[in-house]
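Novice: Coordinates in entry-v2.cif, mmCIF, C-alpha atoms, are listed below.
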```cif
data_final
#
loop_
_atom_site.group_PDB
_atom_site.id
_atom_site.type_symbol
_atom_site.label_atom_id
_atom_site.label_comp_id
_atom_site.auth_asym_id
_atom_site.auth_seq_id
_atom_site.Cartn_x
_atom_site.Cartn_y
_atom_site.Cartn_z
ATOM 1 C CA THR I 21 0.000 0.000 0.000
ATOM 2 C CA GLY I 22 2.971 2.357 0.448
ATOM 3 C CA ILE I 23 4.364 1.977 -3.069
ATOM 4 C CA LYS I 24 2.920 1.437 -6.537
ATOM 5 C CA PRO I 25 4.161 0.337 -9.964
ATOM 6 C CA GLY I 26 6.383 3.012 -11.449
ATOM 7 C CA ASP I 27 7.718 4.316 -8.137
ATOM 8 C CA ARG I 28 11.493 4.724 -7.896
ATOM 9 C CA VAL I 29 12.719 2.929 -4.790
ATOM 10 C CA VAL I 30 15.882 1.773 -3.025
ATOM 11 C CA ILE I 31 15.809 -1.665 -1.374
ATOM 12 C CA PRO I 32 17.813 -2.086 1.888
ATOM 13 C CA PHE I 33 20.016 -5.162 1.887
ATOM 14 C CA ASN I 34 18.434 -6.542 5.064
ATOM 15 C CA VAL I 35 14.912 -7.963 5.065
ATOM 16 C CA ALA I 36 12.901 -6.646 8.019
ATOM 17 C CA CYS I 37 9.233 -6.499 8.972
ATOM 18 C CA GLY I 38 9.131 -3.133 10.739
ATOM 19 C CA GLN I 39 6.714 -4.436 13.387
ATOM 20 C CA CYS I 40 8.671 -6.641 15.789
ATOM 21 C CA PHE I 41 10.492 -5.787 19.024
ATOM 22 C CA MET I 42 13.907 -5.500 17.352
ATOM 23 C CA CYS I 43 12.640 -3.324 14.498
ATOM 24 C CA GLY I 44 11.048 -1.101 17.131
ATOM 25 C CA LEU I 45 14.487 -0.636 18.685
ATOM 26 C CA GLY I 46 15.943 0.364 15.317
ATOM 27 C CA LEU I 47 17.780 -2.961 15.042
ATOM 28 C CA GLN I 48 16.354 -4.066 11.707
ATOM 29 C CA SER I 49 19.335 -6.365 11.113
ATOM 30 C CA GLN I 50 18.077 -8.395 14.103
ATOM 31 C CA CYS I 51 14.414 -8.505 12.939
ATOM 32 C CA GLU I 52 12.648 -11.248 14.897
ATOM 33 C CA THR I 53 10.308 -12.024 12.008
ATOM 34 C CA THR I 54 13.084 -12.841 9.536
ATOM 35 C CA GLN I 55 15.748 -14.075 12.004
ATOM 36 C CA ASN I 56 17.454 -17.269 10.873
ATOM 37 C CA ARG I 57 17.111 -19.146 14.141
ATOM 38 C CA ASP I 58 18.047 -22.499 12.632
ATOM 39 C CA GLN I 59 21.462 -21.001 11.823
ATOM 40 C CA GLY I 60 21.713 -18.946 15.012
ATOM 41 C CA MET I 61 21.910 -15.786 12.871
ATOM 42 C CA GLY I 62 20.090 -12.474 12.565
ATOM 43 C CA ALA I 63 17.693 -11.088 9.975
ATOM 44 C CA SER I 64 17.685 -12.356 6.400
ATOM 45 C CA LEU I 65 19.764 -10.545 3.771
ATOM 46 C CA PHE I 66 19.314 -10.289 0.023
ATOM 47 C CA GLY I 67 21.770 -12.346 -2.003
ATOM 48 C CA TYR I 68 23.356 -14.318 0.830
ATOM 49 C CA THR I 69 23.770 -17.974 1.753
ATOM 50 C CA GLU I 70 21.623 -20.146 4.026
ATOM 51 C CA LEU I 71 23.233 -18.392 6.998
ATOM 52 C CA TYR I 72 21.001 -15.410 6.220
ATOM 53 C CA GLY I 73 17.981 -17.005 4.619
ATOM 54 C CA SER I 74 19.102 -17.762 1.036
ATOM 55 C CA VAL I 75 16.989 -14.840 -0.228
ATOM 56 C CA PRO I 76 17.983 -14.323 -3.884
ATOM 57 C CA GLY I 77 18.428 -10.959 -5.531
ATOM 58 C CA GLY I 78 21.348 -9.085 -4.007
ATOM 59 C CA GLN I 79 22.554 -8.078 -7.478
ATOM 60 C CA ALA I 80 19.975 -9.217 -9.998
ATOM 61 C CA GLU I 81 17.809 -8.095 -12.876
ATOM 62 C CA TYR I 82 14.639 -8.810 -10.885
ATOM 63 C CA LEU I 83 14.038 -9.551 -7.230
ATOM 64 C CA ARG I 84 11.202 -10.491 -4.922
ATOM 65 C CA VAL I 85 10.939 -8.112 -1.951
ATOM 66 C CA PRO I 86 9.413 -9.552 1.249
ATOM 67 C CA TYR I 87 7.710 -7.003 3.553
ATOM 68 C CA ALA I 88 7.644 -4.491 0.725
ATOM 69 C CA ASP I 89 5.323 -2.167 2.627
ATOM 70 C CA TYR I 90 8.211 -1.508 5.024
ATOM 71 C CA GLY I 91 11.544 -2.052 3.312
ATOM 72 C CA PRO I 92 11.652 0.046 0.119
ATOM 73 C CA ILE I 93 12.753 3.673 0.418
ATOM 74 C CA LYS I 94 10.799 5.847 -1.999
ATOM 75 C CA VAL I 95 12.850 8.319 -4.037
ATOM 76 C CA LEU I 96 10.924 11.459 -4.952
ATOM 77 C CA ASN I 97 13.615 12.986 -7.192
ATOM 78 C CA THR I 98 13.208 11.295 -10.561
ATOM 79 C CA ASP I 99 15.982 13.234 -12.292
ATOM 80 C CA ALA I 100 19.067 12.381 -10.193
ATOM 81 C CA PRO I 101 21.336 9.554 -11.410
ATOM 82 C CA ASP I 102 20.918 6.084 -9.895
ATOM 83 C CA GLU I 103 24.263 6.294 -8.105
ATOM 84 C CA ARG I 104 23.017 9.192 -5.985
ATOM 85 C CA TYR I 105 20.521 6.856 -4.289
ATOM 86 C CA LEU I 106 21.907 3.375 -4.926
ATOM 87 C CA PHE I 107 24.324 3.554 -2.013
ATOM 88 C CA LEU I 108 21.430 4.021 0.446
ATOM 89 C CA SER I 109 20.826 0.279 0.053
ATOM 90 C CA ASP I 110 23.984 -0.642 1.981
ATOM 91 C CA ILE I 111 27.329 1.117 1.997
ATOM 92 C CA LEU I 112 26.241 4.656 2.917
ATOM 93 C CA PRO I 113 24.129 3.707 5.977
ATOM 94 C CA THR I 114 26.773 1.111 6.883
ATOM 95 C CA ALA I 115 29.364 3.886 6.970
ATOM 96 C CA TRP I 116 27.044 6.230 8.890
ATOM 97 C CA GLN I 117 26.399 3.540 11.505
ATOM 98 C CA ALA I 118 30.136 2.823 11.770
ATOM 99 C CA VAL I 119 30.894 6.483 12.480
ATOM 100 C CA ASP I 120 27.989 6.757 14.922
ATOM 101 C CA TYR I 121 29.195 3.646 16.754
ATOM 102 C CA ALA I 122 32.742 5.078 16.867
ATOM 103 C CA ASN I 123 31.551 7.643 19.419
ATOM 104 C CA VAL I 124 34.167 10.230 18.433
ATOM 105 C CA PRO I 125 34.257 13.186 20.839
ATOM 106 C CA GLY I 126 33.657 16.635 19.413
ATOM 107 C CA GLY I 127 36.700 17.739 17.440
ATOM 108 C CA GLY I 128 38.327 14.334 17.999
ATOM 109 C CA THR I 129 40.391 12.148 15.685
ATOM 110 C CA LEU I 130 38.958 9.212 13.762
ATOM 111 C CA ALA I 131 41.154 6.690 11.949
ATOM 112 C CA VAL I 132 39.566 4.602 9.185
ATOM 113 C CA LEU I 133 41.348 1.360 8.278
ATOM 114 C CA GLY I 134 40.451 0.409 4.710
ATOM 115 C CA LEU I 135 39.412 2.925 2.057
ATOM 116 C CA GLY I 136 37.141 0.743 -0.025
ATOM 117 C CA PRO I 137 33.571 1.951 -0.639
ATOM 118 C CA VAL I 138 32.487 1.842 3.024
ATOM 119 C CA GLY I 139 35.785 3.265 4.261
ATOM 120 C CA GLN I 140 35.576 6.152 1.785
ATOM 121 C CA PHE I 141 32.153 7.086 3.090
ATOM 122 C CA CYS I 142 33.252 6.643 6.728
ATOM 123 C CA ALA I 143 36.044 9.127 6.144
ATOM 124 C CA ARG I 144 33.800 11.649 4.388
ATOM 125 C CA ILE I 145 31.086 11.352 7.022
ATOM 126 C CA GLY I 146 33.689 11.895 9.733
ATOM 127 C CA ARG I 147 34.849 15.058 7.979
ATOM 128 C CA HIS I 148 31.243 16.201 7.528
ATOM 129 C CA LEU I 149 30.680 15.812 11.274
ATOM 130 C CA GLY I 150 33.751 17.895 12.079
ATOM 131 C CA TYR I 151 36.283 15.245 13.088
ATOM 132 C CA ARG I 152 39.910 14.998 12.090
ATOM 133 C CA VAL I 153 40.046 11.894 9.876
ATOM 134 C CA ILE I 154 43.040 9.749 8.933
ATOM 135 C CA GLY I 155 42.432 7.066 6.282
ATOM 136 C CA VAL I 156 44.705 4.039 5.937
ATOM 137 C CA ASP I 157 44.982 1.894 2.813
ATOM 138 C CA GLY I 158 47.646 0.144 0.757
ATOM 139 C CA VAL I 159 46.202 1.195 -2.613
ATOM 140 C CA HIS I 160 47.405 4.525 -3.978
ATOM 141 C CA GLU I 161 44.227 5.276 -5.945
ATOM 142 C CA ARG I 162 42.057 4.804 -2.858
ATOM 143 C CA ARG I 163 44.223 7.149 -0.828
ATOM 144 C CA ALA I 164 44.121 9.721 -3.646
ATOM 145 C CA MET I 165 40.322 9.566 -3.735
ATOM 146 C CA ALA I 166 40.121 10.160 0.024
ATOM 147 C CA GLU I 167 42.603 13.024 -0.197
ATOM 148 C CA ARG I 168 40.313 14.777 -2.707
ATOM 149 C CA HIS I 169 37.852 15.090 0.153
ATOM 150 C CA GLY I 170 40.278 16.537 2.675
ATOM 151 C CA ILE I 171 41.219 13.254 4.326
ATOM 152 C CA ALA I 172 44.751 12.753 5.616
ATOM 153 C CA THR I 173 46.025 9.328 4.568
ATOM 154 C CA LEU I 174 48.614 6.718 5.467
ATOM 155 C CA GLY I 175 49.875 3.739 3.526
ATOM 156 C CA TRP I 176 49.302 0.312 5.043
ATOM 157 C CA GLY I 177 52.312 -1.333 6.657
ATOM 158 C CA GLY I 178 53.868 -2.726 9.791
ATOM 159 C CA GLN I 179 54.408 0.746 11.289
ATOM 160 C CA CYS I 180 50.768 1.797 10.915
ATOM 161 C CA ALA I 181 49.922 1.928 14.640
ATOM 162 C CA GLU I 182 53.137 3.806 15.419
ATOM 163 C CA ASP I 183 52.411 6.274 12.604
ATOM 164 C CA LEU I 184 48.888 6.905 13.915
ATOM 165 C CA ARG I 185 50.234 7.549 17.394
ATOM 166 C CA ALA I 186 52.844 9.920 15.983
ATOM 167 C CA MET I 187 50.068 11.880 14.245
ATOM 168 C CA THR I 188 48.062 12.158 17.481
ATOM 169 C CA GLY I 189 50.614 13.358 19.993
ATOM 170 C CA GLY I 190 51.660 9.841 20.952
ATOM 171 C CA ARG I 191 48.217 9.002 22.308
ATOM 172 C CA GLY I 192 46.466 7.368 19.369
ATOM 173 C CA PRO I 193 43.165 8.231 17.642
ATOM 174 C CA ASP I 194 40.044 8.653 19.781
ATOM 175 C CA ALA I 195 38.330 6.034 17.626
ATOM 176 C CA VAL I 196 39.257 3.581 14.901
ATOM 177 C CA ILE I 197 36.912 2.074 12.310
ATOM 178 C CA ASP I 198 37.826 -1.335 10.883
ATOM 179 C CA ALA I 199 36.277 -1.089 7.421
ATOM 180 C CA VAL I 200 38.191 -4.131 6.146
ATOM 181 C CA GLY I 201 36.704 -7.320 7.613
ATOM 182 C CA MET I 202 37.715 -10.529 5.857
ATOM 183 C CA GLU I 203 41.184 -9.667 4.581
ATOM 184 C CA ALA I 204 42.714 -10.770 1.313
ATOM 185 C CA HIS I 205 46.225 -10.736 2.769
ATOM 186 C CA GLY I 206 48.214 -9.615 5.777
ATOM 187 C CA SER I 207 48.091 -12.542 8.250
ATOM 188 C CA PRO I 208 50.227 -15.516 7.159
ATOM 189 C CA GLY I 209 49.074 -17.840 9.978
ATOM 190 C CA ALA I 210 45.404 -17.379 9.186
ATOM 191 C CA ALA I 211 46.140 -17.729 5.471
ATOM 192 C CA THR I 212 47.677 -21.151 6.119
ATOM 193 C CA ALA I 213 44.640 -22.228 8.154
ATOM 194 C CA GLN I 214 42.258 -21.034 5.440
ATOM 195 C CA ALA I 215 44.218 -22.926 2.797
ATOM 196 C CA ALA I 216 44.036 -26.093 4.897
ATOM 197 C CA VAL I 217 40.265 -25.790 5.255
ATOM 198 C CA GLY I 218 40.032 -25.259 1.495
ATOM 199 C CA LEU I 219 41.517 -28.705 0.908
ATOM 200 C CA LEU I 220 38.725 -30.440 2.839
ATOM 201 C CA PRO I 221 35.597 -31.883 1.176
ATOM 202 C CA PRO I 222 32.761 -29.305 1.284
ATOM 203 C CA PRO I 223 30.763 -30.829 4.227
ATOM 204 C CA LEU I 224 33.919 -31.098 6.343
ATOM 205 C CA ALA I 225 35.044 -27.618 5.338
ATOM 206 C CA ARG I 226 31.695 -26.103 6.389
ATOM 207 C CA ALA I 227 31.891 -27.836 9.752
ATOM 208 C CA ALA I 228 35.484 -26.696 10.244
ATOM 209 C CA MET I 229 34.652 -23.073 9.501
ATOM 210 C CA LYS I 230 31.736 -23.136 11.961
ATOM 211 C CA THR I 231 33.885 -24.364 14.821
ATOM 212 C CA ALA I 232 37.434 -23.279 14.024
ATOM 213 C CA GLY I 233 37.243 -20.696 11.273
ATOM 214 C CA LEU I 234 39.973 -18.058 11.368
ATOM 215 C CA ASP I 235 39.990 -14.593 9.852
ATOM 216 C CA ARG I 236 43.065 -12.639 8.859
ATOM 217 C CA LEU I 237 42.918 -9.924 11.505
ATOM 218 C CA ALA I 238 45.831 -7.602 10.760
ATOM 219 C CA ALA I 239 43.521 -4.578 10.500
ATOM 220 C CA LEU I 240 41.588 -5.307 13.688
ATOM 221 C CA HIS I 241 44.749 -6.004 15.683
ATOM 222 C CA THR I 242 46.196 -2.752 14.337
ATOM 223 C CA ALA I 243 43.056 -0.939 15.495
ATOM 224 C CA ILE I 244 43.454 -2.382 18.992
ATOM 225 C CA ASP I 245 47.109 -1.345 19.054
ATOM 226 C CA ALA I 246 46.528 2.152 17.660
ATOM 227 C CA VAL I 247 43.383 3.409 19.420
ATOM 228 C CA ARG I 248 43.983 5.577 22.457
ATOM 229 C CA ARG I 249 43.267 4.280 25.942
ATOM 230 C CA GLY I 250 39.580 4.562 26.678
ATOM 231 C CA GLY I 251 38.854 4.873 22.960
ATOM 232 C CA THR I 252 36.364 3.081 20.737
ATOM 233 C CA ILE I 253 36.778 0.584 17.903
ATOM 234 C CA SER I 254 33.866 0.384 15.472
ATOM 235 C CA ILE I 255 33.794 -2.673 13.220
ATOM 236 C CA SER I 256 31.886 -2.421 9.955
ATOM 237 C CA GLY I 257 33.952 -4.939 7.976
ATOM 238 C CA VAL I 258 32.320 -8.377 8.069
ATOM 239 C CA SER I 259 34.367 -11.294 9.406
ATOM 240 C CA GLY I 260 33.503 -14.970 9.242
ATOM 241 C CA GLY I 261 35.661 -16.699 11.832
ATOM 242 C CA GLN I 262 34.486 -18.521 14.941
ATOM 243 C CA ALA I 263 37.871 -18.941 16.628
ATOM 244 C CA ASP I 264 39.594 -15.637 15.999
ATOM 245 C CA PRO I 265 42.351 -14.915 18.550
ATOM 246 C CA MET I 266 41.890 -11.578 20.312
ATOM 247 C CA PRO I 267 44.340 -9.816 22.681
ATOM 248 C CA LEU I 268 41.849 -9.563 25.544
ATOM 249 C CA MET I 269 44.456 -8.531 28.116
ATOM 250 C CA THR I 270 45.407 -5.528 25.989
ATOM 251 C CA MET I 271 41.773 -4.672 25.261
ATOM 252 C CA PHE I 272 40.913 -4.792 28.951
ATOM 253 C CA ASP I 273 44.016 -2.872 30.025
ATOM 254 C CA LYS I 274 43.398 -0.113 27.460
ATOM 255 C CA GLN I 275 39.696 0.063 28.416
ATOM 256 C CA ILE I 276 38.661 -0.238 24.784
ATOM 257 C CA GLN I 277 35.016 -0.115 23.777
ATOM 258 C CA LEU I 278 33.852 -2.241 20.828
ATOM 259 C CA ARG I 279 30.780 -1.609 18.659
ATOM 260 C CA MET I 280 29.886 -3.659 15.606
ATOM 261 C CA GLY I 281 27.132 -5.337 13.611
ATOM 262 C CA GLN I 282 25.253 -5.528 10.338
ATOM 263 C CA CYS I 283 23.869 -2.152 9.376
ATOM 264 C CA ASN I 284 20.287 -1.313 10.373
ATOM 265 C CA VAL I 285 19.605 0.464 7.088
ATOM 266 C CA LYS I 286 16.125 1.847 7.746
ATOM 267 C CA HIS I 287 17.207 3.281 11.096
ATOM 268 C CA TRP I 288 19.575 5.757 9.432
ATOM 269 C CA ILE I 289 17.590 6.810 6.349
ATOM 270 C CA GLY I 290 16.056 9.822 8.093
ATOM 271 C CA ASP I 291 19.557 11.171 8.754
ATOM 272 C CA LEU I 292 20.927 10.345 5.322
ATOM 273 C CA LEU I 293 18.197 11.139 2.806
ATOM 274 C CA PRO I 294 18.463 14.941 3.242
ATOM 275 C CA LEU I 295 22.241 14.733 2.720
ATOM 276 C CA VAL I 296 21.833 12.544 -0.357
ATOM 277 C CA GLU I 297 19.258 14.910 -1.844
ATOM 278 C CA ASP I 298 21.325 18.024 -1.099
ATOM 279 C CA SER I 299 22.574 19.395 -4.424
ATOM 280 C CA ALA I 300 25.795 20.492 -2.684
ATOM 281 C CA ASP I 301 26.611 16.776 -2.185
ATOM 282 C CA PRO I 302 28.169 17.193 1.291
ATOM 283 C CA LEU I 303 29.227 13.528 1.459
ATOM 284 C CA GLY I 304 30.823 13.456 -1.987
ATOM 285 C CA ILE I 305 28.485 10.741 -3.220
ATOM 286 C CA ASP I 306 29.023 11.728 -6.845
ATOM 287 C CA ASP I 307 32.753 10.971 -6.482
ATOM 288 C CA LEU I 308 32.742 7.262 -5.675
ATOM 289 C CA VAL I 309 31.926 5.400 -8.895
ATOM 290 C CA THR I 310 35.021 4.580 -10.939
ATOM 291 C CA HIS I 311 33.581 2.126 -13.517
ATOM 292 C CA ARG I 312 30.199 1.427 -15.064
ATOM 293 C CA ALA I 313 29.200 -1.894 -16.657
ATOM 294 C CA PRO I 314 26.011 -3.818 -17.476
ATOM 295 C CA LEU I 315 24.943 -6.601 -15.137
ATOM 296 C CA ALA I 316 26.059 -9.219 -17.666
ATOM 297 C CA GLU I 317 29.663 -8.092 -17.117
ATOM 298 C CA ALA I 318 29.476 -8.313 -13.310
ATOM 299 C CA PRO I 319 31.500 -11.564 -13.030
ATOM 300 C CA GLY I 320 34.316 -10.020 -15.025
ATOM 301 C CA MET I 321 34.222 -6.838 -12.957
ATOM 302 C CA TYR I 322 34.549 -8.913 -9.785
#
```
Would you encode the structure as structure tokens?

Specialist:
Amino acid sequence: TGIKPGDRVVIPFNVACGQCFMCGLGLQSQCETTQNRDQGMGASLFGYTELYGSVPGGQAEYLRVPYADYGPIKVLNTDAPDERYLFLSDILPTAWQAVDYANVPGGGTLAVLGLGPVGQFCARIGRHLGYRVIGVDGVHERRAMAERHGIATLGWGGQCAEDLRAMTGGRGPDAVIDAVGMEAHGSPGAATAQAAVGLLPPPLARAAMKTAGLDRLAALHTAIDAVRRGGTISISGVSGGQADPMPLMTMFDKQIQLRMGQCNVKHWIGDLLPLVEDSADPLGIDDLVTHRAPLAEAPGMY
């Protein structure tokens, strides 16, 4: 009843009912109606595995939208390019939530580890909110993109935590966002464990990952090392391990706060839609896309 054929809409990546206890708390990613209790996981997601409901359509020509009276975000501006609104489905609210969870004090310093799509928006949102932002990434083009938006940057390397402390009077940033998650490289021990699991037959591999899965955690461990005492680490990058080693003694001693979780897309739309529709483009949304391709070329683009 809220939308009709011909309406231009954005579909959040999580499937939520809008009526349950969790949705009422603004935790749509924990929706009790679509929770995957048989997997011990939260709300269903478009285009994911059985862990999150096996709902098809994350990147598809057509998709079926459960609870369509609640989920879709209606776009009233019919002239703006798709990219201006597309990112409301996932990466822009994910970045907004990550910065909100980082709990940066007024005028404080926020470090963002990983300058992929979410990290880029984290950095720009931090700047928009008046924080000093330092972005960290090993890819020159990503750093250059962030620098266009007034973000100080660092290359990724073994001295990253020391460099961040040096840039913050020896104390470390007030907050660090891990916008990396499952890493492609950087932790040789975890890489060996992942390779070993990959040699197992599929049923055994699935069981091994559920009970002993390891992530490569160089970014997260760097965040723990770099953040100032009493600071906050906000995790937006998704990890998949069940047995990830964490330096709990250090975390306890430094009095670190951790916030994390799948983004509750609908919860943040009221904050974001006015910024997205602002012709001044305060979050630099128009400067994120680097390539355009039809859906048929998606495998090659990946």

Novice: If the PyMOL selection byres ((chain I and resi 187-204) around 9) were run on this exact file, what residues would it hold? Put them as a PyMOL selection string.

Specialist: chain I and resi 115+118-119+122-125+128-136+138-139+142+154+181-186+205-207+211+235-240+243-261

Novice: Name the residues captured by the PyMOL selection byres ((chain I and resi 144) around 9) when it is applied to the shown file; answer as a PyMOL selection string.

Specialist: chain I and resi 139-143+145-149+153+166+169-171+302-304

Novice: Just need the box for stretch 310-320 of chain I, edges along x, y and z, holding every atom the file lists for it with 3 Å tacked onto each side, so centre and edge lengths in Å to one decimal, as lines of an AutoDock Vina configuration file.

Specialist:
```
center_x = 30.0
center_y = -3.5
center_z = -14.3
size_x = 16.1
size_y = 22.1
size_z = 12.7
```

Novice: Give me, as a list in words, all polymer residues having an atom no more than 12 Å from I:Leu293, counting only C-alpha atoms and skipping those fewer than 4 positions away in the same chain.

Specialist: Val30, Ile93, Lys94, Val95, Leu96, Asn97, Arg104, Tyr105, Leu106, Phe107, Leu108, Ser109, Leu112, Pro113, Trp116, Val285, Lys286, His287, Trp288, Ile289, Glu297, Asp298, Ser299, Asp301, Pro302, Leu303 and Ile305 of chain I

Novice: What gap, in Å, lies between atom CA of I:Pro86 and atom CA of I:Asp58?

Specialist: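 Pair atom CA of I:Pro86 / atom CA of I:Asp58 returns 19.3 Å.
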
Novice: Any idea what the distance is between atom CA of I:Pro32 and atom CA of I:Leu65?

Specialist: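 Value for the atom CA of I:Pro32-atom CA of I:Leu65 distance: 8.9 Å.
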
Novice: Calculate how many Å separate atom CA of I:Val35 from atom CA of I:Ser64, rounding to one decimal.

Specialist: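 These two atoms are separated by 5.4 Å.
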
Novice: On this structure, the PyMOL selection byres ((chain I and resi 71) around 12) would catch which residues? List them as a list in words, sorted by chain and number.

Specialist: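 With the PyMOL selection byres ((chain I and resi 71) around 12) on this model, the match is Thr54, Gln55, Asn56, Arg57, Asp58, Gln59, Gly60, Met61, Gly62, Ala63, Ser64, Leu65, Phe66, Gly67, Tyr68, Thr69, Glu70, Tyr72, Gly73, Ser74, Val75, Arg226, Lys230 and Gly260 of chain I.
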
Novice: Neighbouring residues of I:Phe41 were defined as those with any atom within 10 Å, considering all atoms listed in the file; residues of the same chain fewer than 4 positions away were excluded. Please report them as an NGL selection string.

Specialist: :I and (45-48 or 50-53)

Novice: Which residue, I:Ala100, I:Ile111, I:Met280, I:Met271, has the smallest gap to I:Arg28 when you use all atoms listed in the file?

Specialist: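 Among I:Ala100, I:Ile111, I:Met280, I:Met271, it is I:Ala100 that comes nearest to I:Arg28.
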
Novice: For I:Thr270, which of I:Ile23, I:His241, I:Asp291, I:Tyr151 is the closest residue, counting only C-alpha atoms?

Specialist: I:His241

Novice: Which residue out of I:Pro267, I:Arg162, I:Tyr90, I:Cys180 has the minimum interatomic distance to I:Gln39 when all atoms listed in the file are used?

Specialist: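 Residue with the minimum atom-to-atom distance to I:Gln39: I:Tyr90.
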
Novice: Counting only C-alpha atoms, find the residues whose atoms lie at most 7 Å from (22.8, -5.5, 7.7) (file coordinates) and write them out as an MDAnalysis selection string.

Specialist: chainID I and resid 33:34 49 282:285
